[in-house]
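Data file: my_file04.cif. Format and content: mmCIF, C-alpha atoms and all ligand atoms.
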data_start
#
loop_
_atom_site.label_atom_id
_atom_site.label_comp_id
_atom_site.auth_asym_id
_atom_site.auth_seq_id
_atom_site.Cartn_x
_atom_site.Cartn_y
_atom_site.Cartn_z
CA MET A 26 122.29 59.98 125.64
CA LYS A 27 118.87 61.34 126.57
CA CYS A 28 116.97 63.63 124.20
CA GLU A 29 116.38 66.98 125.94
CA ASN A 30 113.01 67.42 124.23
CA CYS A 31 111.18 64.07 124.48
CA TYR A 32 113.48 62.33 127.05
CA SER A 33 113.87 59.14 124.98
CA THR A 34 117.21 57.33 124.97
CA VAL A 35 119.23 57.98 121.82
CA GLU A 36 122.49 56.41 120.58
CA GLU A 37 125.63 58.57 120.78
CA THR A 38 126.07 58.53 117.00
CA HIS A 39 122.83 60.43 116.30
CA SER A 40 123.02 64.19 115.85
CA TYR A 41 119.22 64.45 115.75
CA CYS A 42 116.68 62.60 117.92
CA PRO A 43 115.01 59.87 115.79
CA HIS A 44 111.78 60.20 117.87
CA CYS A 45 111.08 63.95 117.79
CA GLY A 46 113.70 65.37 115.41
CA GLN A 47 115.36 67.78 117.83
CA LYS A 48 119.08 68.38 117.54
CA MET A 49 121.10 66.52 120.20
CA GLY A 50 123.26 68.20 122.82
CA LEU A 51 121.76 71.68 122.65
CA GLY A 52 122.07 72.30 126.39
CA ARG A 53 120.86 75.49 128.02
CA LEU A 54 119.77 78.46 125.94
CA ASN A 55 122.38 81.15 125.44
CA PHE A 56 122.80 84.30 123.39
CA LYS A 57 124.92 82.65 120.69
CA GLN A 58 122.23 80.02 120.15
CA LEU A 59 119.51 82.67 120.00
CA LEU A 60 121.40 84.59 117.30
CA ASN A 61 122.11 81.36 115.46
CA ASP A 62 118.41 80.38 115.48
CA LEU A 63 117.44 83.85 114.25
CA TRP A 64 120.03 83.69 111.47
CA ILE A 65 118.79 80.24 110.42
CA SER A 66 115.14 81.36 110.37
CA PHE A 67 116.17 83.97 107.81
CA THR A 68 118.69 82.13 105.68
CA ASP A 69 117.67 78.46 105.84
CA THR A 70 117.44 77.20 102.26
CA ASP A 71 114.27 75.23 103.00
CA GLN A 72 112.29 76.92 105.71
CA GLY A 73 113.89 80.36 105.83
CA ILE A 74 112.12 83.66 105.24
CA LEU A 75 114.42 84.67 102.37
CA HIS A 76 113.63 81.40 100.59
CA LEU A 77 109.94 82.12 101.10
CA ILE A 78 110.18 85.74 99.87
CA LYS A 79 111.93 84.60 96.70
CA HIS A 80 109.31 81.95 95.94
CA LEU A 81 106.42 84.25 96.81
CA ALA A 82 107.77 86.76 94.30
CA TYR A 83 107.37 84.52 91.28
CA ARG A 84 105.08 81.65 92.31
CA PRO A 85 102.96 82.99 95.20
CA GLY A 86 99.85 80.89 94.53
CA ASN A 87 101.83 77.66 94.18
CA VAL A 88 103.60 78.26 97.50
CA ALA A 89 100.27 78.83 99.28
CA ARG A 90 98.72 75.83 97.53
CA GLU A 91 101.58 73.50 98.42
CA TYR A 92 101.49 74.74 102.01
CA VAL A 93 97.73 74.22 102.30
CA ILE A 94 97.71 70.70 100.86
CA GLY A 95 100.39 69.55 103.29
CA ARG A 96 103.88 70.77 102.46
CA ARG A 97 104.33 72.51 105.83
CA GLN A 98 108.00 71.68 106.45
CA SER A 99 109.20 73.29 103.23
CA TYR A 100 107.85 76.79 103.77
CA PHE A 101 107.90 79.36 106.49
CA ASN A 102 104.48 79.52 108.22
CA PRO A 103 102.17 82.11 106.49
CA PHE A 104 100.74 83.55 109.71
CA ASN A 105 104.18 84.02 111.27
CA TYR A 106 105.35 85.57 108.02
CA LEU A 107 102.51 88.13 108.15
CA LEU A 108 103.31 88.97 111.80
CA ILE A 109 107.01 89.40 111.02
CA MET A 110 106.21 91.73 108.12
CA VAL A 111 103.93 93.79 110.41
CA ALA A 112 106.83 94.07 112.85
CA ILE A 113 109.30 95.07 110.12
CA ALA A 114 106.83 97.66 108.81
CA LEU A 115 106.41 99.07 112.34
CA TYR A 116 110.17 99.30 112.73
CA PHE A 117 110.47 100.93 109.29
CA ILE A 118 107.76 103.52 110.06
CA ALA A 119 109.38 104.36 113.40
CA GLN A 120 112.88 104.62 111.92
CA PHE A 121 112.25 106.59 108.80
CA GLU A 122 109.45 108.88 109.95
CA ILE A 123 107.05 108.59 107.04
CA THR A 124 105.91 112.12 107.90
CA ALA A 125 109.30 113.31 106.71
CA LEU A 126 108.19 112.56 103.16
CA ASP A 127 108.08 115.80 101.24
CA TYR A 128 104.35 116.33 100.83
CA SER A 129 104.76 119.77 99.32
CA LYS A 130 105.74 118.12 96.06
CA ILE A 131 102.71 115.88 96.01
CA GLU A 132 99.69 117.06 94.14
CA SER A 133 96.77 115.77 96.06
CA ASN A 134 93.44 117.12 97.21
CA ASP A 135 93.80 115.54 100.57
CA LYS A 136 97.39 115.45 101.77
CA GLU A 137 96.41 114.69 105.34
CA LEU A 138 94.53 111.60 104.27
CA LEU A 139 97.46 110.43 102.13
CA GLN A 140 99.86 111.01 105.00
CA PHE A 141 97.55 109.07 107.32
CA ALA A 142 97.32 106.14 104.88
CA PHE A 143 101.12 106.06 104.51
CA LYS A 144 101.70 106.15 108.24
CA TYR A 145 99.37 103.26 108.97
CA PHE A 146 99.68 101.23 105.76
CA ASN A 147 100.64 98.11 107.72
CA VAL A 148 97.49 98.35 109.86
CA PHE A 149 95.30 98.60 106.76
CA ILE A 150 97.00 95.69 105.00
CA LEU A 151 96.58 93.63 108.18
CA LEU A 152 92.89 94.61 108.45
CA MET A 153 92.31 93.60 104.83
CA TRP A 154 93.92 90.16 105.31
CA PRO A 155 90.77 88.32 106.61
CA ILE A 156 88.48 90.37 104.33
CA ASN A 157 90.47 89.43 101.22
CA GLY A 158 90.48 85.82 102.39
CA LEU A 159 86.70 85.94 102.69
CA LEU A 160 86.24 87.56 99.26
CA ILE A 161 88.47 85.01 97.51
CA TRP A 162 86.83 82.11 99.35
CA LEU A 163 83.31 83.29 98.42
CA PHE A 164 84.15 83.95 94.76
CA PHE A 165 85.89 80.58 94.38
CA LYS A 166 83.54 78.56 96.55
CA ARG A 167 83.00 75.97 93.84
CA HIS A 168 86.67 74.95 94.12
CA ASN A 169 86.02 73.38 97.55
CA THR A 170 88.55 75.12 99.73
CA ASN A 171 87.77 76.23 103.28
CA TYR A 172 88.07 79.74 104.75
CA VAL A 173 91.23 78.96 106.75
CA GLU A 174 93.01 77.76 103.60
CA ASN A 175 92.13 81.07 101.98
CA LEU A 176 93.41 82.83 105.12
CA ALA A 177 96.76 81.08 104.64
CA LEU A 178 96.82 82.25 101.01
CA THR A 179 96.01 85.86 101.93
CA ALA A 180 98.46 85.78 104.87
CA TYR A 181 101.25 85.04 102.39
CA LEU A 182 99.91 87.66 99.96
CA SER A 183 99.38 90.34 102.63
CA GLY A 184 102.82 89.70 104.13
CA GLN A 185 104.47 90.00 100.73
CA THR A 186 102.33 93.05 99.81
CA MET A 187 103.55 94.68 103.02
CA LEU A 188 107.13 94.01 101.95
CA TYR A 189 106.42 95.58 98.52
CA HIS A 190 104.95 98.65 100.26
CA ILE A 191 108.02 98.97 102.49
CA LEU A 192 110.27 98.85 99.41
CA ALA A 193 108.02 101.34 97.56
CA LEU A 194 108.09 103.73 100.53
CA ALA A 195 111.88 103.54 100.64
CA LEU A 196 111.87 104.43 96.94
CA PHE A 197 109.47 107.35 97.44
CA MET A 198 111.64 108.73 100.18
CA ILE A 199 114.58 108.85 97.80
CA LEU A 200 112.51 110.14 94.87
CA PRO A 201 109.41 111.91 96.25
CA SER A 202 108.63 113.63 92.96
CA LEU A 203 107.95 110.26 91.33
CA LEU A 204 105.24 109.36 93.80
CA ASN A 205 102.28 109.90 91.48
CA ALA A 206 103.65 108.06 88.45
CA LEU A 207 105.40 105.28 90.37
CA GLY A 208 102.45 104.82 92.69
CA VAL A 209 100.24 103.87 89.74
CA ILE A 210 102.84 101.52 88.23
CA ILE A 211 103.56 99.79 91.55
CA GLY A 212 99.84 99.44 92.26
CA LEU A 213 99.32 97.89 88.84
CA LEU A 214 102.25 95.46 89.25
CA ILE A 215 100.99 94.34 92.65
CA SER A 216 97.50 93.78 91.16
CA ILE A 217 98.93 91.64 88.34
CA TRP A 218 101.01 89.65 90.84
CA TYR A 219 97.91 89.21 93.04
CA THR A 220 95.89 87.98 90.06
CA LEU A 221 98.57 85.44 89.13
CA ALA A 222 98.71 84.28 92.75
CA ILE A 223 94.99 83.45 92.88
CA LEU A 224 95.09 81.80 89.44
CA GLN A 225 98.02 79.61 90.57
CA PHE A 226 96.37 78.82 93.90
CA TYR A 227 93.18 77.61 92.22
CA GLN A 228 95.06 76.14 89.23
CA THR A 229 92.89 77.86 86.68
CA LYS A 230 93.50 80.16 83.73
CA SER A 231 89.94 80.69 82.58
CA PHE A 232 88.69 84.08 81.49
CA TRP A 233 85.86 83.78 84.02
CA SER A 234 88.38 83.34 86.89
CA ILE A 235 90.37 86.39 85.78
CA LEU A 236 87.14 88.39 85.71
CA LYS A 237 86.30 87.24 89.21
CA ILE A 238 89.76 88.24 90.46
CA VAL A 239 89.44 91.70 88.90
CA LEU A 240 86.16 92.02 90.77
CA ILE A 241 87.77 90.81 94.02
CA ILE A 242 90.62 93.35 93.69
CA THR A 243 88.14 96.14 92.88
CA LEU A 244 85.92 95.27 95.85
CA SER A 245 88.97 94.95 98.10
CA ASN A 246 90.15 98.41 97.03
CA ILE A 247 86.74 99.97 97.65
CA ILE A 248 86.52 98.37 101.10
CA SER A 249 90.07 99.40 102.09
CA GLN A 250 89.53 102.97 100.83
CA GLY A 251 86.32 103.00 102.87
CA ILE A 252 88.08 101.76 105.99
CA ILE A 253 90.90 104.29 105.53
CA TYR A 254 88.39 107.12 105.02
CA VAL A 255 86.21 106.21 108.01
CA THR A 256 89.16 105.67 110.38
CA PHE A 257 90.72 108.93 109.16
CA GLN A 258 87.54 110.87 110.01
CA TRP A 259 87.52 109.22 113.42
CA TYR A 260 91.26 109.90 113.87
CA LYS A 261 90.80 113.56 112.89
CA THR A 262 88.01 114.19 115.36
CA SER A 263 89.85 112.32 118.14
CA PHE A 264 93.46 113.42 117.74
CA ILE A 265 93.77 116.53 115.61
ZN ZN A 301 113.44 63.50 121.07
#
Can you give me the file's structure in the form of structure tokens?
Ligand SMILES: [Zn+2]
Amino acid sequence: MKCENCYSTVEETHSYCPHCGQKMGLGRLNFKQLLNDLWISFTDTDQGILHLIKHLAYRPGNVAREYVIGRRQSYFNPFNYLLIMVAIALYFIAQFEITALDYSKIESNDKELLQFAFKYFNVFILLMWPINGLLIWLFFKRHNTNYVENLALTAYLSGQTMLYHILALALFMILPSLLNALGVIIGLLISIWYTLAILQFYQTKSFWSILKIVLIITLSNIISQGIIYVTFQWYKTSFI
């Protein structure tokens, strides 16, 4: 038999090509195969997205660390993960019409701004991805990582944060009156998870590191609020 990927000759008994690793006898692409590949990319116990989501939930920094130091085959790629979460968030926003959220029950000085931030939350998380990577890299420069490694870390964290926001939005749509109280709790939980992620990634537990992470999260919040505010002003003058 000839491998369809690298064209080397392979014995009949092999189900995978020993030279490049591709499965033998795939033939031409068809719809069944496409669905099968999609299903596997979600459910695969090693490289699947569900496997990644589970591990990111309780050991986010270790996943990113293992990925960065060379364990690429075991985890779904961080940058693809971030893109997929952006796509899911887009789909979610389009389907559920975030504007349908009952804003009359929300006590806020600036409902329009809140509505704007909700509608484009995925854009803001995506914008903050390289900025957070830069902040973490600069604050932990003594640990000898490079910027791209920190980008991989924040791609995982931003992708997972986007997932948490999607779940939180779904919750708010069911229980809009809880938005104020739950918003604070969810924000706090995400911050704690984020802190643990960076501590795991840099394998440190020192008080000084925790202090630095609190500073990173604070700075990140100020910058993202700033970006949301500035783009909202621009949006208002251009579209409203
Ligand atoms: Zn091959």
Counting all atoms listed in the file, the option among A:Ala112, A:Gly46, A:His39, A:Asp62 closest to ligand ZN 301 (chain A):
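Of all the options, A:Gly46 lies closest to ligand ZN 301 (chain A).
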Taking 4 positions as the minimum chain separation for residues in the same chain, which residues sit within 12 Å of A:Tyr260 when counting all atoms listed in the file? Answer as a list in words.
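In the requested format, the answer is Glu137, Leu138, Phe141, Ala142, Tyr145, Ile252, Ile253, Tyr254, Val255, Thr256, Phe264 and Ile265 of chain A.
Among the candidates A:Phe165, A:Phe101, A:Tyr219, A:Phe143, the one nearest to A:Tyr83 when counting all atoms listed in the file is A:Tyr219.
The shell of residues at most 8 Å from stretch 170-175 of chain A, with only C-alpha atoms counted and near chain neighbours (fewer than 6 positions) removed, consists of Val93, Gly158, Leu159, Ile161 and Trp162 of chain A.
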Near ligand ZN 301 (chain A), 7 Å: chain A residue rows, closest pairs, all atoms listed in the file, as a Markdown table:
| residue | atom | partner | partner_atom | distance |
| --- | --- | --- | --- | --- |
| A:Cys28 | CA | A:ZN301 | ZN | 4.7 |
| A:Glu29 | CA | A:ZN301 | ZN | 6.7 |
| A:Asn30 | CA | A:ZN301 | ZN | 5.1 |
| A:Cys31 | CA | A:ZN301 | ZN | 4.1 |
| A:Tyr32 | CA | A:ZN301 | ZN | 6.1 |
| A:Ser33 | CA | A:ZN301 | ZN | 5.9 |
| A:Cys42 | CA | A:ZN301 | ZN | 4.6 |
| A:Pro43 | CA | A:ZN301 | ZN | 6.6 |
| A:His44 | CA | A:ZN301 | ZN | 4.9 |
| A:Cys45 | CA | A:ZN301 | ZN | 4.1 |
| A:Gly46 | CA | A:ZN301 | ZN | 6.0 |
| A:Gln47 | CA | A:ZN301 | ZN | 5.7 |
Of the listed residues A:Thr179, A:Asn105, A:Thr68, A:Gln98, that which approaches A:Ile223 most closely, counting only C-alpha atoms
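Checking each candidate against A:Ile223, we get A:Thr179 as the closest.
Closest to A:Ile211 among A:Thr243, A:Asn87, A:Thr186, A:Thr262 is A:Thr186, based on only C-alpha atoms.
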Could you list, as a list in words, every residue within 9 Å of A:Phe226, counting all atoms listed in the file and ignoring same-chain residues fewer than 5 positions away?
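The neighbour list is Pro85, Gly86, Asn87, Val88, Ala89, Arg90, Glu91, Leu178 and Leu221 of chain A.
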If I take atom CA of A:Phe197 and atom CA of A:Met110, how far is one from the other in Å, to one decimal?
19.2 Å
Using all atoms listed in the file, collect all residues at a distance of at most 10 Å from (91.1, 90.0, 89.4) as written in the file, then present them as a PyMOL selection string.
chain A and resi 161+216-217+219-221+223-224+233-244
Selection: 9 Å around A:Ile156, all atoms listed in the file, excl. self and same-chain fewer than 4 positions, as a PDB file with C-alpha atoms, keeping the file's coordinate frame:
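Below is the file that was written, part.pdb:
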ATOM      1  CA  LEU A 152      92.890  94.610 108.450  1.00  0.00           C
ATOM      2  CA  LEU A 160      86.240  87.560  99.260  1.00  0.00           C
ATOM      3  CA  ILE A 161      88.470  85.010  97.510  1.00  0.00           C
ATOM      4  CA  SER A 245      88.970  94.950  98.100  1.00  0.00           C
ATOM      5  CA  ILE A 248      86.520  98.370 101.100  1.00  0.00           C
TER       6      ILE A 248
END
So which residues touch A:Met26 within 7 Å, counting all atoms listed in the file, skipping near sequence neighbours fewer than 3 positions away, as a ChimeraX atom specification?
/A:34-37
Pairwise distance for atom CA of A:Ser249 and atom CA of A:Phe149, rounded to one decimal in Å
7.1 Å
Kindly give the distance, in Å, that separates atom CA of A:Arg96 and atom CA of A:Thr70, rounded to a single decimal.
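A separation of 15.0 Å between them.
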Residue nearest A:Asn157 - candidates A:Ile247, A:Leu59, A:Ala206, A:Met198, atoms counted: all atoms listed in the file
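Between A:Ile247, A:Leu59, A:Ala206, A:Met198, the residue approaching A:Asn157 most closely is A:Ile247.
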Missing atoms of stretch 250-261 of chain A rebuilt to all heavy atoms, written as a PDB file, in the frame of the given file:
ATOM      1  N   GLN A 250      89.652 101.508 100.890  1.00  0.00           N
ATOM      2  CA  GLN A 250      89.530 102.970 100.830  1.00  0.00           C
ATOM      3  C   GLN A 250      88.485 103.440 101.833  1.00  0.00           C
ATOM      4  O   GLN A 250      88.663 104.448 102.512  1.00  0.00           O
ATOM      5  CB  GLN A 250      89.105 103.426  99.422  1.00  0.00           C
ATOM      6  CG  GLN A 250      90.076 103.088  98.298  1.00  0.00           C
ATOM      7  CD  GLN A 250      91.404 103.800  98.438  1.00  0.00           C
ATOM      8  OE1 GLN A 250      91.442 104.960  98.833  1.00  0.00           O
ATOM      9  NE2 GLN A 250      92.491 103.112  98.145  1.00  0.00           N
ATOM     10  N   GLY A 251      87.386 102.692 101.921  1.00  0.00           N
ATOM     11  CA  GLY A 251      86.320 103.000 102.870  1.00  0.00           C
ATOM     12  C   GLY A 251      86.812 102.969 104.301  1.00  0.00           C
ATOM     13  O   GLY A 251      86.572 103.895 105.080  1.00  0.00           O
ATOM     14  N   ILE A 252      87.552 101.895 104.628  1.00  0.00           N
ATOM     15  CA  ILE A 252      88.080 101.760 105.990  1.00  0.00           C
ATOM     16  C   ILE A 252      89.054 102.904 106.302  1.00  0.00           C
ATOM     17  O   ILE A 252      88.990 103.528 107.361  1.00  0.00           O
ATOM     18  CB  ILE A 252      88.791 100.390 106.177  1.00  0.00           C
ATOM     19  CG1 ILE A 252      87.769  99.245 106.127  1.00  0.00           C
ATOM     20  CG2 ILE A 252      89.540 100.346 107.499  1.00  0.00           C
ATOM     21  CD1 ILE A 252      88.396  97.859 106.189  1.00  0.00           C
ATOM     22  N   ILE A 253      89.939 103.206 105.323  1.00  0.00           N
ATOM     23  CA  ILE A 253      90.900 104.290 105.530  1.00  0.00           C
ATOM     24  C   ILE A 253      90.157 105.618 105.745  1.00  0.00           C
ATOM     25  O   ILE A 253      90.451 106.373 106.669  1.00  0.00           O
ATOM     26  CB  ILE A 253      91.882 104.405 104.324  1.00  0.00           C
ATOM     27  CG1 ILE A 253      92.825 103.207 104.299  1.00  0.00           C
ATOM     28  CG2 ILE A 253      92.679 105.701 104.395  1.00  0.00           C
ATOM     29  CD1 ILE A 253      93.707 103.111 103.063  1.00  0.00           C
ATOM     30  N   TYR A 254      89.130 105.867 104.927  1.00  0.00           N
ATOM     31  CA  TYR A 254      88.390 107.120 105.020  1.00  0.00           C
ATOM     32  C   TYR A 254      87.684 107.249 106.372  1.00  0.00           C
ATOM     33  O   TYR A 254      87.802 108.272 107.043  1.00  0.00           O
ATOM     34  CB  TYR A 254      87.382 107.222 103.868  1.00  0.00           C
ATOM     35  CG  TYR A 254      86.699 108.559 103.825  1.00  0.00           C
ATOM     36  CD1 TYR A 254      87.349 109.680 103.300  1.00  0.00           C
ATOM     37  CD2 TYR A 254      85.411 108.707 104.333  1.00  0.00           C
ATOM     38  CE1 TYR A 254      86.741 110.911 103.284  1.00  0.00           C
ATOM     39  CE2 TYR A 254      84.792 109.942 104.328  1.00  0.00           C
ATOM     40  CZ  TYR A 254      85.463 111.046 103.807  1.00  0.00           C
ATOM     41  OH  TYR A 254      84.852 112.265 103.799  1.00  0.00           O
ATOM     42  N   VAL A 255      86.980 106.183 106.754  1.00  0.00           N
ATOM     43  CA  VAL A 255      86.210 106.210 108.010  1.00  0.00           C
ATOM     44  C   VAL A 255      87.134 106.360 109.223  1.00  0.00           C
ATOM     45  O   VAL A 255      86.898 107.196 110.094  1.00  0.00           O
ATOM     46  CB  VAL A 255      85.335 104.935 108.143  1.00  0.00           C
ATOM     47  CG1 VAL A 255      84.748 104.829 109.549  1.00  0.00           C
ATOM     48  CG2 VAL A 255      84.226 104.955 107.104  1.00  0.00           C
ATOM     49  N   THR A 256      88.245 105.568 109.242  1.00  0.00           N
ATOM     50  CA  THR A 256      89.160 105.670 110.380  1.00  0.00           C
ATOM     51  C   THR A 256      89.856 107.037 110.403  1.00  0.00           C
ATOM     52  O   THR A 256      90.148 107.573 111.464  1.00  0.00           O
ATOM     53  CB  THR A 256      90.233 104.556 110.390  1.00  0.00           C
ATOM     54  OG1 THR A 256      90.801 104.466 109.091  1.00  0.00           O
ATOM     55  CG2 THR A 256      89.660 103.221 110.787  1.00  0.00           C
ATOM     56  N   PHE A 257      90.085 107.609 109.218  1.00  0.00           N
ATOM     57  CA  PHE A 257      90.720 108.930 109.160  1.00  0.00           C
ATOM     58  C   PHE A 257      89.794 109.988 109.766  1.00  0.00           C
ATOM     59  O   PHE A 257      90.244 110.860 110.513  1.00  0.00           O
ATOM     60  CB  PHE A 257      91.065 109.289 107.712  1.00  0.00           C
ATOM     61  CG  PHE A 257      91.662 110.661 107.557  1.00  0.00           C
ATOM     62  CD1 PHE A 257      92.894 110.958 108.134  1.00  0.00           C
ATOM     63  CD2 PHE A 257      91.002 111.651 106.846  1.00  0.00           C
ATOM     64  CE1 PHE A 257      93.443 112.219 108.002  1.00  0.00           C
ATOM     65  CE2 PHE A 257      91.552 112.916 106.715  1.00  0.00           C
ATOM     66  CZ  PHE A 257      92.779 113.206 107.290  1.00  0.00           C
ATOM     67  N   GLN A 258      88.509 109.921 109.443  1.00  0.00           N
ATOM     68  CA  GLN A 258      87.540 110.870 110.010  1.00  0.00           C
ATOM     69  C   GLN A 258      87.512 110.747 111.524  1.00  0.00           C
ATOM     70  O   GLN A 258      87.513 111.747 112.245  1.00  0.00           O
ATOM     71  CB  GLN A 258      86.124 110.609 109.439  1.00  0.00           C
ATOM     72  CG  GLN A 258      85.990 110.821 107.943  1.00  0.00           C
ATOM     73  CD  GLN A 258      86.468 112.195 107.487  1.00  0.00           C
ATOM     74  OE1 GLN A 258      86.333 113.181 108.184  1.00  0.00           O
ATOM     75  NE2 GLN A 258      87.072 112.246 106.300  1.00  0.00           N
ATOM     76  N   TRP A 259      87.525 109.484 111.995  1.00  0.00           N
ATOM     77  CA  TRP A 259      87.520 109.220 113.420  1.00  0.00           C
ATOM     78  C   TRP A 259      88.817 109.740 114.068  1.00  0.00           C
ATOM     79  O   TRP A 259      88.807 110.386 115.100  1.00  0.00           O
ATOM     80  CB  TRP A 259      87.347 107.721 113.653  1.00  0.00           C
ATOM     81  CG  TRP A 259      87.568 107.305 115.067  1.00  0.00           C
ATOM     82  CD1 TRP A 259      86.704 107.445 116.110  1.00  0.00           C
ATOM     83  CD2 TRP A 259      88.742 106.693 115.609  1.00  0.00           C
ATOM     84  NE1 TRP A 259      87.276 106.968 117.255  1.00  0.00           N
ATOM     85  CE2 TRP A 259      88.510 106.487 116.986  1.00  0.00           C
ATOM     86  CE3 TRP A 259      89.973 106.294 115.057  1.00  0.00           C
ATOM     87  CZ2 TRP A 259      89.470 105.916 117.828  1.00  0.00           C
ATOM     88  CZ3 TRP A 259      90.917 105.721 115.894  1.00  0.00           C
ATOM     89  CH2 TRP A 259      90.660 105.531 117.256  1.00  0.00           C
ATOM     90  N   TYR A 260      89.940 109.483 113.413  1.00  0.00           N
ATOM     91  CA  TYR A 260      91.260 109.900 113.870  1.00  0.00           C
ATOM     92  C   TYR A 260      91.330 111.436 113.971  1.00  0.00           C
ATOM     93  O   TYR A 260      91.837 111.994 114.922  1.00  0.00           O
ATOM     94  CB  TYR A 260      92.285 109.371 112.872  1.00  0.00           C
ATOM     95  CG  TYR A 260      93.722 109.767 113.085  1.00  0.00           C
ATOM     96  CD1 TYR A 260      94.542 109.035 113.939  1.00  0.00           C
ATOM     97  CD2 TYR A 260      94.277 110.843 112.392  1.00  0.00           C
ATOM     98  CE1 TYR A 260      95.874 109.393 114.097  1.00  0.00           C
ATOM     99  CE2 TYR A 260      95.605 111.195 112.551  1.00  0.00           C
ATOM    100  CZ  TYR A 260      96.396 110.465 113.410  1.00  0.00           C
ATOM    101  OH  TYR A 260      97.716 110.804 113.576  1.00  0.00           O
ATOM    102  N   LYS A 261      90.768 112.096 112.932  1.00  0.00           N
ATOM    103  CA  LYS A 261      90.800 113.560 112.890  1.00  0.00           C
ATOM    104  C   LYS A 261      90.009 114.172 114.044  1.00  0.00           C
ATOM    105  O   LYS A 261      90.481 115.093 114.688  1.00  0.00           O
ATOM    106  CB  LYS A 261      90.203 114.045 111.554  1.00  0.00           C
ATOM    107  CG  LYS A 261      91.227 114.766 110.743  1.00  0.00           C
ATOM    108  CD  LYS A 261      90.799 115.498 109.508  1.00  0.00           C
ATOM    109  CE  LYS A 261      89.390 115.518 109.079  1.00  0.00           C
ATOM    110  NZ  LYS A 261      89.256 116.086 107.710  1.00  0.00           N
TER     111      LYS A 261
END
